[in-house]
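Below is query_25.cif, holding mmCIF, C-alpha atoms.
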data_final
#
loop_
_atom_site.label_atom_id
_atom_site.label_comp_id
_atom_site.auth_asym_id
_atom_site.auth_seq_id
_atom_site.Cartn_x
_atom_site.Cartn_y
_atom_site.Cartn_z
CA MET D 1 -64.83 37.33 -40.53
CA PRO D 2 -63.94 35.11 -37.53
CA PHE D 3 -67.55 35.32 -36.30
CA PHE D 4 -68.77 34.24 -39.72
CA ILE D 5 -66.38 31.29 -39.82
CA VAL D 6 -67.27 30.12 -36.33
CA PHE D 7 -71.04 30.34 -36.71
CA LEU D 8 -71.04 28.75 -40.16
CA LEU D 9 -68.38 26.08 -39.89
CA THR D 10 -68.53 24.94 -36.28
CA PRO D 11 -72.07 23.50 -36.35
CA MET D 12 -71.09 21.60 -39.48
CA CYS D 13 -67.94 20.28 -37.79
CA VAL D 14 -69.96 19.26 -34.72
CA ALA D 15 -72.47 17.42 -36.91
CA ILE D 16 -69.65 15.60 -38.76
CA ALA D 17 -67.99 14.67 -35.45
CA LEU D 18 -71.26 13.31 -34.04
CA TYR D 19 -71.84 11.32 -37.21
CA ARG D 20 -68.34 9.87 -37.10
CA ARG D 21 -68.74 8.94 -33.45
CA ASN D 22 -71.88 6.87 -33.99
CA PRO D 23 -73.43 6.98 -37.48
CA ARG D 24 -76.44 4.81 -36.62
CA ARG D 25 -77.36 6.87 -33.59
CA PHE D 26 -76.88 10.11 -35.51
CA LEU D 27 -79.26 9.00 -38.25
CA ASP D 28 -81.78 6.94 -36.26
CA GLY D 29 -81.78 8.98 -33.05
CA PRO D 30 -81.11 7.68 -29.53
CA THR D 31 -82.02 4.10 -28.72
CA GLU D 32 -82.74 4.74 -25.02
CA ASP D 33 -85.62 6.83 -23.73
CA ALA D 34 -85.07 10.32 -22.32
CA PRO D 35 -85.42 9.42 -18.60
CA LEU D 36 -82.76 6.71 -18.87
CA ARG D 37 -80.37 8.99 -20.77
CA LEU D 38 -80.90 11.79 -18.26
CA LEU D 39 -80.34 9.50 -15.30
CA ARG D 40 -77.31 7.83 -16.86
CA TRP D 41 -75.76 11.26 -17.47
CA SER D 42 -76.51 12.62 -14.01
CA THR D 43 -75.40 9.54 -12.08
CA GLY D 44 -72.12 9.78 -13.97
CA LEU D 45 -71.52 13.00 -12.02
CA LEU D 46 -71.51 11.20 -8.68
CA SER D 47 -68.22 10.67 -6.93
CA ALA D 48 -66.75 7.14 -6.89
CA ARG D 49 -67.85 6.84 -3.26
CA ARG D 50 -71.47 7.35 -4.31
CA ALA D 51 -71.39 5.34 -7.53
CA GLU D 52 -73.40 2.53 -5.92
CA TRP D 53 -76.28 4.97 -5.36
CA GLY D 54 -76.24 5.89 -9.01
CA GLN D 55 -76.58 2.21 -9.87
CA ALA D 56 -79.43 1.98 -7.35
CA MET D 57 -81.30 4.79 -9.11
CA LEU D 58 -80.72 3.23 -12.53
CA GLY D 59 -81.81 -0.18 -11.26
CA GLU D 60 -85.00 1.29 -9.83
CA LEU D 61 -85.77 3.17 -13.04
CA ALA D 62 -85.47 -0.07 -15.02
CA HIS D 63 -88.39 -1.46 -13.03
CA LEU D 64 -90.70 1.48 -13.62
CA ASP D 65 -93.22 1.59 -16.43
CA GLY D 66 -94.97 4.58 -17.94
CA ARG D 67 -93.16 7.49 -19.54
CA ARG D 68 -94.52 10.09 -17.13
CA ARG D 69 -93.64 8.06 -14.03
CA ARG D 70 -90.16 7.29 -15.36
CA LEU D 71 -89.55 10.92 -16.25
CA ARG D 72 -90.62 12.19 -12.82
CA PHE D 73 -88.44 9.62 -11.10
CA ALA D 74 -85.44 10.37 -13.33
CA LEU D 75 -85.80 14.14 -12.91
CA GLY D 76 -85.85 13.81 -9.12
CA CYS D 77 -82.85 11.50 -9.09
CA ALA D 78 -80.95 13.77 -11.49
CA GLY D 79 -81.52 16.71 -9.15
CA ALA D 80 -80.29 14.64 -6.22
CA ALA D 81 -77.21 13.45 -8.12
CA LEU D 82 -76.34 17.04 -9.06
CA ILE D 83 -76.20 18.22 -5.47
CA MET D 84 -75.17 15.07 -3.62
CA PRO D 85 -71.87 15.47 -1.74
CA PRO D 86 -68.96 14.85 -1.50
CA TRP D 87 -67.85 17.49 -3.96
CA GLY D 88 -64.24 17.71 -2.86
CA ARG D 89 -62.33 20.68 -4.20
CA ALA D 90 -64.96 21.30 -6.90
CA ALA D 91 -67.18 22.83 -4.20
CA ALA D 92 -64.92 25.90 -4.03
CA GLY D 93 -65.34 26.53 -7.77
CA HIS D 94 -69.08 25.99 -7.52
CA TRP D 95 -69.53 28.49 -4.68
CA ALA D 96 -67.31 31.00 -6.49
CA ALA D 97 -69.51 30.72 -9.60
CA ILE D 98 -72.65 31.17 -7.49
CA ALA D 99 -71.15 34.23 -5.76
CA ILE D 100 -70.13 35.83 -9.08
CA THR D 101 -73.56 35.21 -10.59
CA ALA D 102 -75.39 36.47 -7.52
CA GLY D 103 -73.23 39.61 -7.55
CA SER D 104 -74.05 40.29 -11.21
CA LEU D 105 -77.79 39.72 -10.77
CA ALA D 106 -77.95 41.81 -7.59
CA MET D 107 -76.14 44.68 -9.30
CA TYR D 108 -78.41 44.37 -12.35
CA ALA D 109 -81.48 44.52 -10.09
CA ARG D 110 -80.08 47.57 -8.30
CA LEU D 111 -79.50 49.33 -11.64
CA THR D 112 -83.03 48.42 -12.75
CA VAL D 113 -84.45 50.04 -9.62
CA HIS D 114 -82.06 53.00 -9.57
CA TYR D 115 -82.64 54.03 -13.18
CA GLY D 116 -86.32 53.02 -13.23
CA LEU D 117 -85.95 50.67 -16.18
CA GLY D 118 -89.52 49.47 -15.69
CA THR D 119 -91.16 46.26 -16.83
CA GLY D 120 -88.75 45.77 -19.71
CA GLY D 121 -85.81 45.93 -17.32
CA TRP D 122 -87.35 43.34 -15.02
CA ILE D 123 -88.15 41.04 -17.95
CA ALA D 124 -84.53 41.33 -19.12
CA LEU D 125 -83.37 40.54 -15.58
CA ALA D 126 -85.63 37.47 -15.49
CA VAL D 127 -84.21 36.29 -18.82
CA LEU D 128 -80.68 36.88 -17.53
CA GLY D 129 -81.56 34.95 -14.37
CA ILE D 130 -82.73 31.96 -16.41
CA ILE D 131 -79.60 32.06 -18.57
CA CYS D 132 -77.38 32.28 -15.48
CA ALA D 133 -79.22 29.38 -13.82
CA GLY D 134 -78.45 27.29 -16.90
CA TYR D 135 -74.83 28.38 -16.73
CA LEU D 136 -74.59 27.40 -13.07
CA LEU D 137 -76.17 24.03 -13.78
CA GLY D 138 -73.59 23.46 -16.51
CA VAL D 139 -70.76 24.62 -14.28
CA SER D 140 -71.84 22.34 -11.43
CA ALA D 141 -72.04 19.35 -13.78
CA LEU D 142 -68.67 20.02 -15.40
CA LEU D 143 -66.88 20.75 -12.13
CA ARG D 144 -67.70 17.26 -10.92
CA ARG D 145 -66.01 15.57 -13.84
CA PRO D 146 -62.57 14.29 -12.82
CA GLY D 147 -59.69 16.53 -13.81
CA VAL D 148 -61.83 19.23 -15.44
CA ALA D 149 -62.25 21.82 -12.66
CA LEU D 150 -58.74 23.29 -12.52
CA PRO D 151 -57.99 23.55 -16.27
CA GLY D 152 -61.56 24.63 -17.03
CA LEU D 153 -61.65 27.44 -14.46
CA SER D 154 -58.09 28.47 -15.35
CA GLY D 155 -59.17 28.60 -19.01
CA GLY D 156 -62.10 30.81 -18.06
CA VAL D 157 -59.86 33.22 -16.17
CA PHE D 158 -57.35 33.19 -19.04
CA ALA D 159 -60.02 34.03 -21.64
CA THR D 160 -61.36 36.81 -19.42
CA VAL D 161 -57.94 38.35 -18.81
CA VAL D 162 -57.04 38.23 -22.51
CA GLY D 163 -60.39 39.81 -23.40
CA LEU D 164 -59.96 42.57 -20.83
CA SER D 165 -56.38 43.27 -21.84
CA MET D 166 -57.59 43.70 -25.42
CA SER D 167 -60.47 46.00 -24.54
CA GLY D 168 -58.81 47.79 -21.63
CA PHE D 169 -59.70 47.47 -17.98
CA THR D 170 -61.61 50.68 -17.36
CA ALA D 171 -65.38 51.05 -17.34
CA VAL D 172 -65.29 53.27 -20.44
CA ASP D 173 -63.30 50.59 -22.28
CA GLN D 174 -65.99 48.07 -21.48
CA VAL D 175 -68.83 50.01 -23.06
CA SER D 176 -66.95 51.46 -26.03
CA PHE D 177 -64.73 48.58 -27.17
CA ILE D 178 -64.96 47.60 -30.83
CA PRO D 179 -62.37 44.91 -31.59
CA SER D 180 -60.09 45.29 -34.58
CA PRO D 181 -59.82 42.32 -36.99
CA TRP D 182 -56.68 40.91 -35.40
CA GLN D 183 -58.22 41.23 -31.93
CA GLN D 184 -61.24 39.30 -33.19
CA TRP D 185 -58.98 36.51 -34.43
CA VAL D 186 -57.26 36.33 -31.06
CA MET D 187 -60.42 36.40 -28.95
CA VAL D 188 -62.67 34.29 -31.18
CA ILE D 189 -60.23 31.73 -32.58
CA ALA D 190 -56.81 31.67 -30.91
CA VAL D 191 -57.74 31.81 -27.22
CA PRO D 192 -60.66 29.33 -27.32
CA ALA D 193 -58.62 26.99 -29.54
CA ALA D 194 -55.70 27.16 -27.11
CA ILE D 195 -57.99 26.35 -24.19
CA GLY D 196 -59.58 23.36 -25.93
CA ALA D 197 -56.27 21.97 -27.17
CA ALA D 198 -54.61 22.48 -23.79
CA GLY D 199 -57.52 20.68 -22.09
CA THR D 200 -57.06 17.67 -24.35
CA LEU D 201 -53.29 17.61 -23.89
CA TRP D 202 -53.62 18.09 -20.11
CA ARG D 203 -55.69 14.92 -19.68
CA ARG D 204 -54.63 13.14 -22.89
CA ASP D 205 -58.34 12.76 -23.57
CA PRO D 206 -60.40 14.74 -26.11
CA ALA D 207 -63.59 14.25 -24.07
CA ALA D 208 -61.90 15.98 -21.12
CA GLY D 209 -60.66 18.70 -23.46
CA ARG D 210 -64.18 19.39 -24.69
CA ARG D 211 -65.42 19.61 -21.10
CA VAL D 212 -62.56 21.95 -20.22
CA ALA D 213 -63.56 24.18 -23.15
CA ARG D 214 -67.20 24.22 -22.04
CA LEU D 215 -66.32 24.99 -18.43
CA ALA D 216 -63.93 27.73 -19.55
CA ALA D 217 -66.67 29.21 -21.75
CA LEU D 218 -69.24 29.24 -18.95
CA SER D 219 -66.88 30.60 -16.29
CA ALA D 220 -65.49 33.27 -18.65
CA GLY D 221 -69.04 34.30 -19.52
CA LEU D 222 -69.98 34.73 -15.85
CA LEU D 223 -66.77 36.63 -15.07
CA ARG D 224 -67.20 38.97 -18.04
CA LEU D 225 -70.84 39.56 -17.10
CA LEU D 226 -69.83 40.65 -13.60
CA TYR D 227 -67.10 42.95 -14.91
CA ALA D 228 -69.39 44.47 -17.55
CA THR D 229 -72.23 44.99 -15.05
CA VAL D 230 -69.82 46.71 -12.66
CA ALA D 231 -68.73 48.92 -15.57
CA VAL D 232 -72.34 49.98 -16.21
CA ALA D 233 -72.85 50.60 -12.50
CA VAL D 234 -69.72 52.80 -12.42
CA LEU D 235 -70.60 54.76 -15.56
CA GLY D 236 -74.38 54.85 -15.40
CA ALA D 237 -75.38 56.89 -18.41
CA GLY D 238 -72.01 58.70 -18.42
CA GLY D 239 -69.03 58.01 -20.62
CA PRO D 240 -69.16 57.92 -24.39
CA PRO D 241 -72.58 58.22 -26.05
CA ASP D 242 -74.17 55.00 -27.25
CA ALA D 243 -74.81 54.48 -30.95
CA ALA D 244 -78.31 53.19 -30.34
CA GLY D 245 -80.86 53.97 -27.68
CA GLY D 246 -78.58 56.40 -25.91
CA TYR D 247 -80.73 59.50 -26.06
CA THR D 248 -81.98 59.24 -22.49
CA ILE D 249 -80.34 58.09 -19.28
CA ARG D 250 -82.70 55.13 -19.03
CA GLY D 251 -82.14 54.24 -22.68
CA THR D 252 -78.36 54.36 -22.35
CA VAL D 253 -78.24 52.18 -19.23
CA SER D 254 -80.79 49.77 -20.65
CA GLU D 255 -78.83 49.52 -23.90
CA ARG D 256 -75.58 48.81 -22.08
CA LEU D 257 -77.13 46.15 -19.89
CA GLY D 258 -78.73 44.55 -22.94
CA ASN D 259 -75.38 44.51 -24.72
CA ASN D 260 -73.92 42.68 -21.73
CA ILE D 261 -76.51 39.90 -22.09
CA VAL D 262 -75.77 39.55 -25.80
CA ASP D 263 -72.01 39.50 -25.11
CA LEU D 264 -72.57 36.84 -22.46
CA ALA D 265 -74.43 34.54 -24.84
CA VAL D 266 -72.26 35.11 -27.91
CA GLY D 267 -68.92 35.02 -26.05
CA THR D 268 -69.80 31.78 -24.28
CA LEU D 269 -71.00 30.15 -27.49
CA LEU D 270 -67.83 31.11 -29.34
CA ILE D 271 -65.43 29.82 -26.71
CA ALA D 272 -67.42 26.61 -26.27
CA MET D 273 -67.69 25.87 -30.00
CA VAL D 274 -64.13 26.75 -31.03
CA GLY D 275 -62.72 25.11 -27.89
CA TRP D 276 -64.80 22.01 -28.60
CA ALA D 277 -63.47 21.79 -32.13
CA ALA D 278 -59.87 22.42 -31.05
CA ALA D 279 -60.12 19.77 -28.32
CA ALA D 280 -61.46 17.24 -30.81
CA LEU D 281 -58.76 18.12 -33.35
CA ALA D 282 -56.01 17.90 -30.73
CA GLY D 283 -57.36 14.50 -29.66
CA TYR D 284 -57.32 13.32 -33.27
CA LEU D 285 -53.74 14.49 -33.81
CA VAL D 286 -52.49 13.03 -30.54
CA ARG D 287 -54.17 9.67 -31.10
CA ARG D 288 -53.37 9.39 -34.79
CA PRO D 289 -51.59 6.06 -35.27
CA PRO D 290 -48.09 6.21 -36.66
CA ALA D 291 -47.74 5.61 -40.38
CA PRO D 292 -46.83 1.99 -41.14
CA ALA D 293 -43.19 1.43 -41.94
CA PRO D 294 -42.53 0.92 -45.65
CA ALA D 295 -42.12 -2.73 -46.56
CA GLN D 296 -38.50 -3.60 -47.13
CA GLU D 297 -37.66 -5.01 -50.47
CA MET D 298 -36.27 -8.45 -50.30
CA MET C 1 -66.47 15.05 10.92
CA GLN C 2 -70.02 13.83 10.61
CA ARG C 3 -72.75 16.08 11.98
CA ASN C 4 -75.67 14.42 13.72
CA ARG C 5 -78.42 16.93 13.17
CA PRO C 6 -81.93 16.08 14.32
CA PRO C 7 -83.78 14.26 11.52
CA SER C 8 -86.10 16.24 9.26
CA PRO C 9 -89.83 15.40 9.12
CA GLN C 10 -89.22 13.67 5.76
CA THR C 11 -86.44 11.57 7.25
CA ILE C 12 -88.66 10.63 10.18
CA ASN C 13 -91.39 9.54 7.74
CA VAL C 14 -88.92 7.33 5.88
CA LEU C 15 -87.66 5.85 9.14
CA LEU C 16 -91.20 5.14 10.32
CA ALA C 17 -92.09 3.52 7.00
CA LEU C 18 -89.05 1.28 7.23
CA ALA C 19 -89.76 0.51 10.90
CA ALA C 20 -93.33 -0.59 10.16
CA ASP C 21 -91.95 -3.95 9.05
CA PRO C 22 -88.26 -3.82 9.93
CA ALA C 23 -87.36 -7.29 8.70
CA ARG C 24 -88.67 -6.69 5.18
CA TRP C 25 -86.41 -5.41 2.41
CA ARG C 26 -87.88 -2.43 0.59
CA TYR C 27 -87.43 -0.97 -2.89
CA GLY C 28 -86.67 2.70 -3.38
CA TYR C 29 -89.78 3.38 -5.45
CA ASP C 30 -91.99 1.64 -2.85
CA LEU C 31 -90.72 4.14 -0.29
CA VAL C 32 -91.29 7.01 -2.74
CA THR C 33 -94.97 6.11 -3.07
CA GLU C 34 -95.49 5.09 0.56
CA VAL C 35 -93.98 8.22 2.08
CA ASN C 36 -95.15 10.43 -0.78
CA LEU C 37 -91.70 11.89 -1.34
CA LYS C 38 -90.02 12.78 -4.60
CA SER C 39 -87.13 10.54 -5.63
CA GLY C 40 -84.85 13.57 -5.43
CA SER C 41 -85.63 13.88 -1.73
CA LEU C 42 -85.67 10.17 -0.90
CA TYR C 43 -82.24 9.16 -2.15
CA PRO C 44 -80.27 11.82 -0.25
CA ILE C 45 -82.15 10.71 2.88
CA LEU C 46 -81.28 7.06 2.24
CA VAL C 47 -77.64 8.01 1.65
CA ARG C 48 -77.48 9.91 4.95
CA LEU C 49 -79.13 7.05 6.85
CA ALA C 50 -76.70 4.55 5.34
CA ASP C 51 -73.76 6.84 6.21
CA ARG C 52 -74.93 6.84 9.82
CA ASP C 53 -75.24 3.03 9.79
CA LEU C 54 -78.98 3.25 10.40
CA LEU C 55 -79.80 1.68 7.04
CA GLU C 56 -78.73 -1.63 5.59
CA THR C 57 -78.57 -2.05 1.82
CA SER C 58 -78.52 -5.09 -0.41
CA TRP C 59 -78.88 -5.97 -4.08
CA GLU C 60 -81.61 -8.09 -5.61
CA PRO C 61 -80.16 -9.91 -8.63
CA GLY C 62 -81.36 -8.66 -11.99
CA VAL C 63 -83.89 -10.68 -13.96
CA GLY C 64 -83.42 -11.02 -17.71
CA SER C 65 -82.35 -7.70 -19.18
CA ARG C 66 -83.32 -5.77 -16.07
CA PRO C 67 -80.42 -4.65 -13.86
CA PRO C 68 -80.09 -5.51 -10.14
CA ARG C 69 -82.32 -3.59 -7.77
CA HIS C 70 -81.24 -1.94 -4.54
CA LEU C 71 -83.00 -2.98 -1.33
CA TYR C 72 -83.21 -1.21 2.01
CA ARG C 73 -84.07 -2.01 5.61
CA LEU C 74 -83.16 -0.70 9.04
CA THR C 75 -80.11 -1.98 10.88
CA GLY C 76 -80.26 -2.84 14.58
CA ALA C 77 -78.97 0.65 15.34
CA GLY C 78 -81.64 2.04 13.02
CA ARG C 79 -84.40 0.22 14.89
CA GLU C 80 -83.06 1.49 18.21
CA PHE C 81 -82.92 5.01 16.78
CA VAL C 82 -86.54 4.83 15.63
CA ALA C 83 -87.62 3.44 19.00
CA ALA C 84 -85.85 6.29 20.78
CA LEU C 85 -87.32 8.78 18.34
CA THR C 86 -90.84 7.45 18.83
CA ALA C 87 -90.45 7.51 22.61
CA ALA C 88 -89.19 11.11 22.50
CA ARG C 89 -92.09 12.16 20.27
CA GLN C 90 -94.62 10.47 22.54
CA ASP C 91 -93.01 12.13 25.52
CA ARG C 92 -93.31 15.54 23.83
CA THR C 93 -96.91 15.05 22.79
CA ALA C 94 -98.11 13.56 26.11
CA PRO C 95 -100.07 16.08 28.22
CA HIS C 96 -97.97 17.43 31.10
CA PRO C 97 -99.87 17.78 34.37
CA ARG C 98 -100.01 21.39 35.41
CA ARG C 99 -99.17 22.12 38.94
CA ARG C 100 -101.70 24.22 40.72
CA LEU C 101 -100.54 27.12 42.81
CA SER C 102 -102.12 25.51 45.85
CA GLU C 103 -99.95 22.39 45.36
CA ALA C 104 -96.77 24.41 45.24
#

Represent the supplied structure as C-alpha cells.
Amino acid sequence: MPFFIVFLLTPMCVAIALYRRNPRRFLDGPTEDAPLRLLRWSTGLLSARRAEWGQAMLGELAHLDGRRRRLRFALGCAGAALIMPPWGRAAAGHWAAIAITAGSLAMYARLTVHYGLGTGGWIALAVLGIICAGYLLGVSALLRRPGVALPGLSGGVFATVVGLSMSGFTAVDQVSFIPSPWQQWVMVIAVPAAIGAAGTLWRRDPAAGRRVARLAALSAGLLRLLYATVAVAVLGAGGPPDAAGGYTIRGTVSERLGNNIVDLAVGTLLIAMVGWAAAALAGYLVRRPPAPAPAQEM
Amino acid sequence: MQRNRPPSPQTINVLLALAADPARWRYGYDLVTEVNLKSGSLYPILVRLADRDLLETSWEPGVGSRPPRHLYRLTGAGREFVAALTAARQDRTAPHPRRRLSEA
C-alpha cells in the first residue's frame, strides 16, 4: 500500500508543485537554452570565493554562438565547477561516498569473478557502476550547497540505521527480509517524511529541505548497497533458499546481487520523493501567513 | 598552505599563449581555441594562475543584453615566471657538450 501511494501520488504532487512555482514555464517549457541552464546550475555550486569565476564562465558563454559550441563549452565548465576547490568540510563527505561506492563495486566485481557470473554479471556490474556514478555526481553537487551536507548525510545514516534495525543486522536478515505493513509505512513514509521536514525546519527553507532529502536518499542508497553486498559476500549461496533463481549457486548469488540493485534504485527513489514532498509541505506550513484578525465591529 | 608544483604542459601552453602578447587582454574562449584546450581544463588553470598572482583579471562591460566578459593577461610576476620557464626549457633542450675521456 505505501509503495502504491508513493509511486502514484508523488509524481502528481511534484507536477502540481512545479506548476504552482512557475505556471508559464511549466506549460511553455524553459525559456533559456540547455547550455545556459546547465552552466547556471553548475556555477551555483561554486564557493563564494570562486563566484567570480562562475560569472566569468557565464559571461563567456553569452558571447558564443552555435548550439554545439555552446554545449561543449558549458559541459566543460560544468565539469570544472563540479570539482573546483575549495570544498571545505564537504570534501570529507565526498571522499566517504567515493570510498563506500568503490568498496561496493570492488566487492561486486570480486563476487562476479569468484562465482563465475559471466557476461550477465559483468553487464549488471557496468549498469551498477553507471548508477553509482550518477549517485556520486548528485552527492558531490548537493554536498556543496550551503548547510545541506550535515543534515543530508545524517539523514542518510538515520534512514539506513532504521532500515537495518527493521530488517535485522545479520547477513541472513539482509537477504530474507520481507517487511510487514507497519514496517513499510515506517520505512517508506515516516522516515523519509521526517528527514525532509527536518531539513526544511533546520534551514527554515523548503529548497534546502528538498536538497537534504535528496542527499539523504543518495547516501542511504550507497550505504545500504555496501551493507547488502557485504551480506551477499558473507553468505554466498548459503542461508535461506531464494524464491526465484536460487536453484544453483551462481543463480542464487546473481539473484541476490540483482535484488540489491533494485533495492538501491527503489529505496533511493522513495526517500527522495517522499522527503521532497514532506520538505515542501513543511515549508508551506512554516511560511503560511497568519490568518487576518477579524474586523472589530464599531 | 599553497603548493607550488611544477606547471603541467597545458598550463605552460596557456602561459606561452598569454606571453605571446603580454600587454593584450584575452578572452577565455580565445584561449580555449588558441591552446586547443577544453573549457573544463582552461578555467581551473586560470584560477590557479590567478591564485599564484601570475594572472591579472579584469571585466569588459557588457553590451546590450550581454553580460560583462572576463579578461585575462599576465602580471609582471607572470611574465617573469614565463621568462624563467622559457630559459629553463631552453637550457634543458640545448645540447650539452660531452667530455671526451682524453680531456678528463

Could you tell me which residues of chain C sit within 9 Å of chain D when counting all atoms listed in the file, and give me the result as a list in words?
Tyr27, Gly28, Tyr29, Lys38, Ser39, Gly40, Ser41, Leu42, Tyr43, Pro44, Val47, Trp59, Gly62, Arg66, Pro67, Pro68, Arg69, His70 and Leu71 of chain C

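Here atom CA of D:Gln184 and atom CA of D:Val157 stand 18.1 Å from one another.
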
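Going from atom CA of D:Cys132 to atom CA of D:Leu225 covers 9.9 Å.
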
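You will find atom CA of D:Ala99 at 25.9 Å from atom CA of D:Met273.
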
Using the chain letters and residue numbers of this document, give as JSON, numbers by chain the residues selected by the PyMOL selection byres ((chain D and resi 202-212) around 9).
{"D": [142, 145, 146, 147, 148, 149, 150, 151, 152, 153, 155, 195, 196, 197, 198, 199, 200, 201, 213, 214, 215, 216, 217, 272, 275, 276, 277, 278, 279, 280, 281, 282, 283, 284, 286, 287]}

At a cut-off of 12 Å, using all atoms listed in the file, what residues contact C:Arg5? Leave out same-chain residues fewer than 6 positions from it and give the result as a count of residues only.
4

Tell me which residues the PyMOL selection byres ((chain D and resi 89-97) around 9) grabs here, as a ChimeraX atom specification.
/D:86-88,98-102,136,139-140,143-144,149-150,153,219,222-223

Could you state which residues are captured by the PyMOL selection byres ((chain C and resi 81) around 12) in this file, as a PyMOL selection string?
chain C and resi 6-7+12+15-16+18-19+49+52-55+74-80+82-88

Counting all atoms listed in the file, what is within 12 Å of D:Ala106, bar same-chain residues fewer than 3 positions away, as a JSON list (two decimals) with C-alpha atoms, in the frame of the given file?
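Below is the file that was written, result_16.json:
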[["chain", "number", "residue", "atom", "x", "y", "z"],
["D", 98, "ILE", "CA", -72.65, 31.17, -7.49],
["D", 99, "ALA", "CA", -71.15, 34.23, -5.76],
["D", 100, "ILE", "CA", -70.13, 35.83, -9.08],
["D", 101, "THR", "CA", -73.56, 35.21, -10.59],
["D", 102, "ALA", "CA", -75.39, 36.47, -7.52],
["D", 103, "GLY", "CA", -73.23, 39.61, -7.55],
["D", 109, "ALA", "CA", -81.48, 44.52, -10.09],
["D", 110, "ARG", "CA", -80.08, 47.57, -8.30],
["D", 111, "LEU", "CA", -79.50, 49.33, -11.64],
["D", 112, "THR", "CA", -83.03, 48.42, -12.75],
["D", 113, "VAL", "CA", -84.45, 50.04, -9.62],
["D", 125, "LEU", "CA", -83.37, 40.54, -15.58],
["D", 126, "ALA", "CA", -85.63, 37.47, -15.49],
["D", 128, "LEU", "CA", -80.68, 36.88, -17.53],
["D", 129, "GLY", "CA", -81.56, 34.95, -14.37],
["D", 226, "LEU", "CA", -69.83, 40.65, -13.60],
["D", 229, "THR", "CA", -72.23, 44.99, -15.05],
["D", 230, "VAL", "CA", -69.82, 46.71, -12.66],
["D", 233, "ALA", "CA", -72.85, 50.60, -12.50]]
